[in-house]
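Containing PDB, C-alpha atoms: coords.pdb.
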MODEL        1
ATOM      1  CA  GLN A  55       0.000   0.000   0.000
ATOM      2  CA  VAL A  56       1.385   3.356  -1.041
ATOM      3  CA  GLN A  57       1.867   5.891   1.717
ATOM      4  CA  LEU A  58       2.190   9.620   1.256
ATOM      5  CA  VAL A  59       4.076  11.309   4.065
ATOM      6  CA  GLU A  60       3.295  14.999   4.458
ATOM      7  CA  SER A  61       5.082  17.639   6.464
ATOM      8  CA  GLY A  62       5.350  21.398   6.775
ATOM      9  CA  GLY A  63       1.982  22.555   8.028
ATOM     10  CA  GLY A  64       1.562  24.997  10.871
ATOM     11  CA  LEU A  65       0.482  28.444  11.929
ATOM     12  CA  VAL A  66       1.483  31.540   9.974
ATOM     13  CA  GLN A  67       0.393  35.162   9.910
ATOM     14  CA  ALA A  68      -1.346  36.618   6.894
ATOM     15  CA  GLY A  69       1.237  37.558   4.283
ATOM     16  CA  GLY A  70       3.618  34.875   5.469
ATOM     17  CA  SER A  71       4.894  31.703   3.830
ATOM     18  CA  LEU A  72       4.901  27.965   4.409
ATOM     19  CA  ARG A  73       6.241  25.042   2.437
ATOM     20  CA  LEU A  74       4.554  21.666   2.427
ATOM     21  CA  SER A  75       6.353  18.463   1.460
ATOM     22  CA  CYS A  76       4.956  15.136   0.312
ATOM     23  CA  ALA A  77       7.120  12.045  -0.020
ATOM     24  CA  PRO A  78       5.577   8.842  -1.396
ATOM     25  CA  SER A  79       6.725   5.451  -0.118
ATOM     26  CA  GLU A  80       7.799   4.480  -3.631
ATOM     27  CA  SER A  81       9.426   6.209  -6.559
ATOM     28  CA  ILE A  82       7.804   9.436  -7.627
ATOM     29  CA  PHE A  83       8.084   8.190 -11.208
ATOM     30  CA  ASN A  84       5.404   5.594 -10.447
ATOM     31  CA  PHE A  85       2.789   8.343 -10.421
ATOM     32  CA  ASN A  86       1.240  10.125 -13.383
ATOM     33  CA  SER A  87       0.469  13.127 -11.236
ATOM     34  CA  MET A  88       0.725  14.395  -7.696
ATOM     35  CA  GLY A  89      -1.040  17.286  -6.102
ATOM     36  CA  TRP A  90      -2.341  19.094  -3.092
ATOM     37  CA  TYR A  91      -5.927  19.487  -2.027
ATOM     38  CA  ARG A  92      -7.302  21.385   0.927
ATOM     39  CA  GLN A  93     -10.430  21.234   2.994
ATOM     40  CA  ALA A  94     -11.638  24.127   5.089
ATOM     41  CA  SER A  95     -14.000  23.548   7.973
ATOM     42  CA  GLY A  96     -17.514  22.913   6.688
ATOM     43  CA  LYS A  97     -16.439  22.958   3.047
ATOM     44  CA  GLN A  98     -15.676  20.390   0.389
ATOM     45  CA  ARG A  99     -12.157  19.313  -0.417
ATOM     46  CA  GLU A 100     -10.769  21.307  -3.348
ATOM     47  CA  LEU A 101      -7.791  21.068  -5.641
ATOM     48  CA  VAL A 102      -5.030  23.542  -4.857
ATOM     49  CA  ALA A 103      -2.311  22.521  -7.306
ATOM     50  CA  ARG A 104      -1.195  19.538  -9.337
ATOM     51  CA  ILE A 105       1.957  18.520 -11.169
ATOM     52  CA  THR A 106       2.275  15.738 -13.723
ATOM     53  CA  ARG A 107       5.095  13.292 -14.212
ATOM     54  CA  VAL A 108       6.458  15.489 -17.004
ATOM     55  CA  GLY A 109       6.189  18.655 -14.956
ATOM     56  CA  THR A 110       2.976  20.210 -16.220
ATOM     57  CA  THR A 111       1.259  22.190 -13.480
ATOM     58  CA  ASN A 112      -2.179  23.582 -12.823
ATOM     59  CA  TYR A 113      -3.523  25.689  -9.980
ATOM     60  CA  ALA A 114      -6.767  26.785  -8.446
ATOM     61  CA  ASP A 115      -7.545  30.357  -9.455
ATOM     62  CA  SER A 116      -7.485  31.399  -5.813
ATOM     63  CA  VAL A 117      -3.795  30.521  -5.419
ATOM     64  CA  LYS A 118      -2.355  31.445  -8.815
ATOM     65  CA  GLY A 119       0.613  33.753  -8.436
ATOM     66  CA  ARG A 120       0.999  32.913  -4.742
ATOM     67  CA  PHE A 121       1.540  29.149  -4.579
ATOM     68  CA  THR A 122       4.045  27.063  -6.495
ATOM     69  CA  ILE A 123       4.052  23.292  -6.808
ATOM     70  CA  SER A 124       7.306  21.583  -7.698
ATOM     71  CA  ARG A 125       8.958  18.194  -7.590
ATOM     72  CA  ASP A 126      12.450  17.027  -6.743
ATOM     73  CA  ASN A 127      12.931  13.764  -8.574
ATOM     74  CA  ALA A 128      16.192  12.990  -6.784
ATOM     75  CA  LYS A 129      14.489  13.275  -3.406
ATOM     76  CA  SER A 130      11.223  11.790  -4.717
ATOM     77  CA  THR A 131       9.335  14.629  -3.076
ATOM     78  CA  VAL A 132       6.683  17.106  -4.145
ATOM     79  CA  TYR A 133       6.559  20.555  -2.587
ATOM     80  CA  LEU A 134       3.951  23.258  -2.282
ATOM     81  CA  GLN A 135       5.463  26.675  -1.626
ATOM     82  CA  MET A 136       2.805  28.995  -0.279
ATOM     83  CA  ASN A 137       3.519  32.727  -0.236
ATOM     84  CA  SER A 138       1.425  35.796   0.535
ATOM     85  CA  MET A 139      -0.892  33.603   2.516
ATOM     86  CA  LYS A 140      -4.400  34.662   3.415
ATOM     87  CA  PRO A 141      -6.761  33.587   6.190
ATOM     88  CA  GLU A 142      -8.897  31.874   3.555
ATOM     89  CA  ASP A 143      -5.966  29.521   2.867
ATOM     90  CA  THR A 144      -6.642  27.927   6.250
ATOM     91  CA  GLY A 145      -7.552  24.265   6.154
ATOM     92  CA  VAL A 146      -6.266  20.729   6.154
ATOM     93  CA  TYR A 147      -3.978  20.137   3.206
ATOM     94  CA  TYR A 148      -3.836  16.666   1.687
ATOM     95  CA  CYS A 149      -1.266  15.233  -0.653
ATOM     96  CA  ASN A 150      -2.752  13.254  -3.528
ATOM     97  CA  ALA A 151      -1.144  10.892  -5.996
ATOM     98  CA  ILE A 152      -2.463   9.032  -9.019
ATOM     99  CA  SER A 153      -0.449   6.039 -10.123
ATOM    100  CA  ARG A 154       0.228   4.984 -13.686
ATOM    101  CA  ARG A 155      -2.455   2.324 -13.187
ATOM    102  CA  GLY A 156      -4.981   4.951 -12.162
ATOM    103  CA  ASN A 157      -5.013   4.177  -8.462
ATOM    104  CA  GLU A 158      -5.492   7.182  -6.214
ATOM    105  CA  TYR A 159      -3.799   7.719  -2.869
ATOM    106  CA  TRP A 160      -4.151  10.311  -0.116
ATOM    107  CA  GLY A 161      -1.922  11.511   2.657
ATOM    108  CA  GLN A 162      -3.125  11.874   6.220
ATOM    109  CA  GLY A 163      -3.437  15.648   5.949
ATOM    110  CA  THR A 164      -1.588  18.511   7.561
ATOM    111  CA  GLN A 165      -3.187  21.528   9.200
ATOM    112  CA  VAL A 166      -2.426  24.984   7.855
ATOM    113  CA  THR A 167      -3.730  27.966   9.778
ATOM    114  CA  VAL A 168      -3.335  31.557   8.611
ATOM    115  CA  SER A 169      -4.088  34.189  11.224
ATOM    116  CA  SER A 170      -5.262  37.660  10.288
TER     117      SER A 170
ENDMDL
END
Taking this structure as input, can you express it in the form of C-alpha cells?
Amino acid sequence: QVQLVESGGGLVQAGGSLRLSCAPSESIFNFNSMGWYRQASGKQRELVARITRVGTTNYADSVKGRFTISRDNAKSTVYLQMNSMKPEDTGVYYCNAISRRGNEYWGQGTQVTVSS
C-alpha cells in the first residue's frame, strides 16, 4: 500500500509563507500526477495545485501567483510553496497521488492555519 508522508503545516500570519512536502513510499516516477488538495471547515475538499510526471502544473484560481508546486525527482518529493498567505488559505492540506495504473492515494493531511 502506497503511503504519502506529508510535512510542513503549521500556523502563519497573513502575508507569510509555508512550504509543504509530500514524499511517497515508492518512486515518484510511479505516479502520473501528484497534487495538493485542501479542505476548510464545513467545506468540500478542493484542488489547490497539481503537477504531472512530465512537470505540467495547474492551480486553483485562488492561489495562482501565490503558490508554487514543484517536484524534486532525486528526493522523490513534491513541494507546495505557499507565499502571501491569506486567512482563507486555512484548512487541512492533503497530498494526492495518481499512479500509472490509475489508483489514487491520499496523505493523512496537515493543518495549515493563517491568522489575520
Hits from the PyMOL selection byres ((chain A and resi 101) around 8), listed as a list in words: Gly89, Trp90, Tyr91, Arg92, Arg99, Glu100, Val102, Ala103, Arg104, Tyr113 and Ala114 of chain A
Write out, as a PDB file, keeping the file's coordinate frame, the residues just selected, with C-alpha atoms.
ATOM      1  CA  GLY A  89      -1.040  17.286  -6.102  1.00  0.00           C
ATOM      2  CA  TRP A  90      -2.341  19.094  -3.092  1.00  0.00           C
ATOM      3  CA  TYR A  91      -5.927  19.487  -2.027  1.00  0.00           C
ATOM      4  CA  ARG A  92      -7.302  21.385   0.927  1.00  0.00           C
ATOM      5  CA  ARG A  99     -12.157  19.313  -0.417  1.00  0.00           C
ATOM      6  CA  GLU A 100     -10.769  21.307  -3.348  1.00  0.00           C
ATOM      7  CA  VAL A 102      -5.030  23.542  -4.857  1.00  0.00           C
ATOM      8  CA  ALA A 103      -2.311  22.521  -7.306  1.00  0.00           C
ATOM      9  CA  ARG A 104      -1.195  19.538  -9.337  1.00  0.00           C
ATOM     10  CA  TYR A 113      -3.523  25.689  -9.980  1.00  0.00           C
ATOM     11  CA  ALA A 114      -6.767  26.785  -8.446  1.00  0.00           C
TER      12      ALA A 114
END
Sel. within 12 Å of pt (-3.4, 34.1, 4.7), counting all atoms listed in the file, output as JSON, numbers by chain: {"A": [65, 66, 67, 68, 69, 70, 71, 72, 116, 117, 120, 121, 136, 137, 138, 139, 140, 141, 142, 143, 144, 145, 166, 167, 168, 169, 170]}
Export C-alpha atoms of the chosen residues as a PDB file, in the frame of the given file?
ATOM      1  CA  LEU A  65       0.482  28.444  11.929  1.00  0.00           C
ATOM      2  CA  VAL A  66       1.483  31.540   9.974  1.00  0.00           C
ATOM      3  CA  GLN A  67       0.393  35.162   9.910  1.00  0.00           C
ATOM      4  CA  ALA A  68      -1.346  36.618   6.894  1.00  0.00           C
ATOM      5  CA  GLY A  69       1.237  37.558   4.283  1.00  0.00           C
ATOM      6  CA  GLY A  70       3.618  34.875   5.469  1.00  0.00           C
ATOM      7  CA  SER A  71       4.894  31.703   3.830  1.00  0.00           C
ATOM      8  CA  LEU A  72       4.901  27.965   4.409  1.00  0.00           C
ATOM      9  CA  SER A 116      -7.485  31.399  -5.813  1.00  0.00           C
ATOM     10  CA  VAL A 117      -3.795  30.521  -5.419  1.00  0.00           C
ATOM     11  CA  ARG A 120       0.999  32.913  -4.742  1.00  0.00           C
ATOM     12  CA  PHE A 121       1.540  29.149  -4.579  1.00  0.00           C
ATOM     13  CA  MET A 136       2.805  28.995  -0.279  1.00  0.00           C
ATOM     14  CA  ASN A 137       3.519  32.727  -0.236  1.00  0.00           C
ATOM     15  CA  SER A 138       1.425  35.796   0.535  1.00  0.00           C
ATOM     16  CA  MET A 139      -0.892  33.603   2.516  1.00  0.00           C
ATOM     17  CA  LYS A 140      -4.400  34.662   3.415  1.00  0.00           C
ATOM     18  CA  PRO A 141      -6.761  33.587   6.190  1.00  0.00           C
ATOM     19  CA  GLU A 142      -8.897  31.874   3.555  1.00  0.00           C
ATOM     20  CA  ASP A 143      -5.966  29.521   2.867  1.00  0.00           C
ATOM     21  CA  THR A 144      -6.642  27.927   6.250  1.00  0.00           C
ATOM     22  CA  GLY A 145      -7.552  24.265   6.154  1.00  0.00           C
ATOM     23  CA  VAL A 166      -2.426  24.984   7.855  1.00  0.00           C
ATOM     24  CA  THR A 167      -3.730  27.966   9.778  1.00  0.00           C
ATOM     25  CA  VAL A 168      -3.335  31.557   8.611  1.00  0.00           C
ATOM     26  CA  SER A 169      -4.088  34.189  11.224  1.00  0.00           C
ATOM     27  CA  SER A 170      -5.262  37.660  10.288  1.00  0.00           C
TER      28      SER A 170
END
Pick from A:Cys149, A:Arg154, A:Gln57, A:Leu74 nearest to Tyr133 of chain A, counting only C-alpha atoms: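 Nearest candidate to Tyr133 of chain A out of A:Cys149, A:Arg154, A:Gln57, A:Leu74: A:Leu74.
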Nearest-residue call for Val59 of chain A, choices A:Val108, A:Ile123, A:Ile152, A:Val132, using only C-alpha atoms: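 Among the listed residues, A:Val132 lies closest to Val59 of chain A.
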Pick from A:Gln93, A:Asn84, A:Gln135, A:Gln98 nearest to Arg155 of chain A, counting only C-alpha atoms: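 Of all the options, A:Asn84 lies closest to Arg155 of chain A.
The gap separating atom CA of Arg73 of chain A from atom CA of Asp115 of chain A is 19.0 Å, in Å to one decimal.
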Spell out the residues picked by the PyMOL selection byres ((chain A and resi 63) around 7) here, as a compact mmCIF listing (two decimals) with C-alpha atoms, keeping the file's coordinate frame.
# COMPACT_ATOMS: atom_id res chain seq x y z
CA SER A 61 5.08 17.64 6.46
CA GLY A 62 5.35 21.40 6.78
CA GLY A 64 1.56 25.00 10.87
CA LEU A 74 4.55 21.67 2.43
CA THR A 164 -1.59 18.51 7.56
CA GLN A 165 -3.19 21.53 9.20
CA VAL A 166 -2.43 24.98 7.86
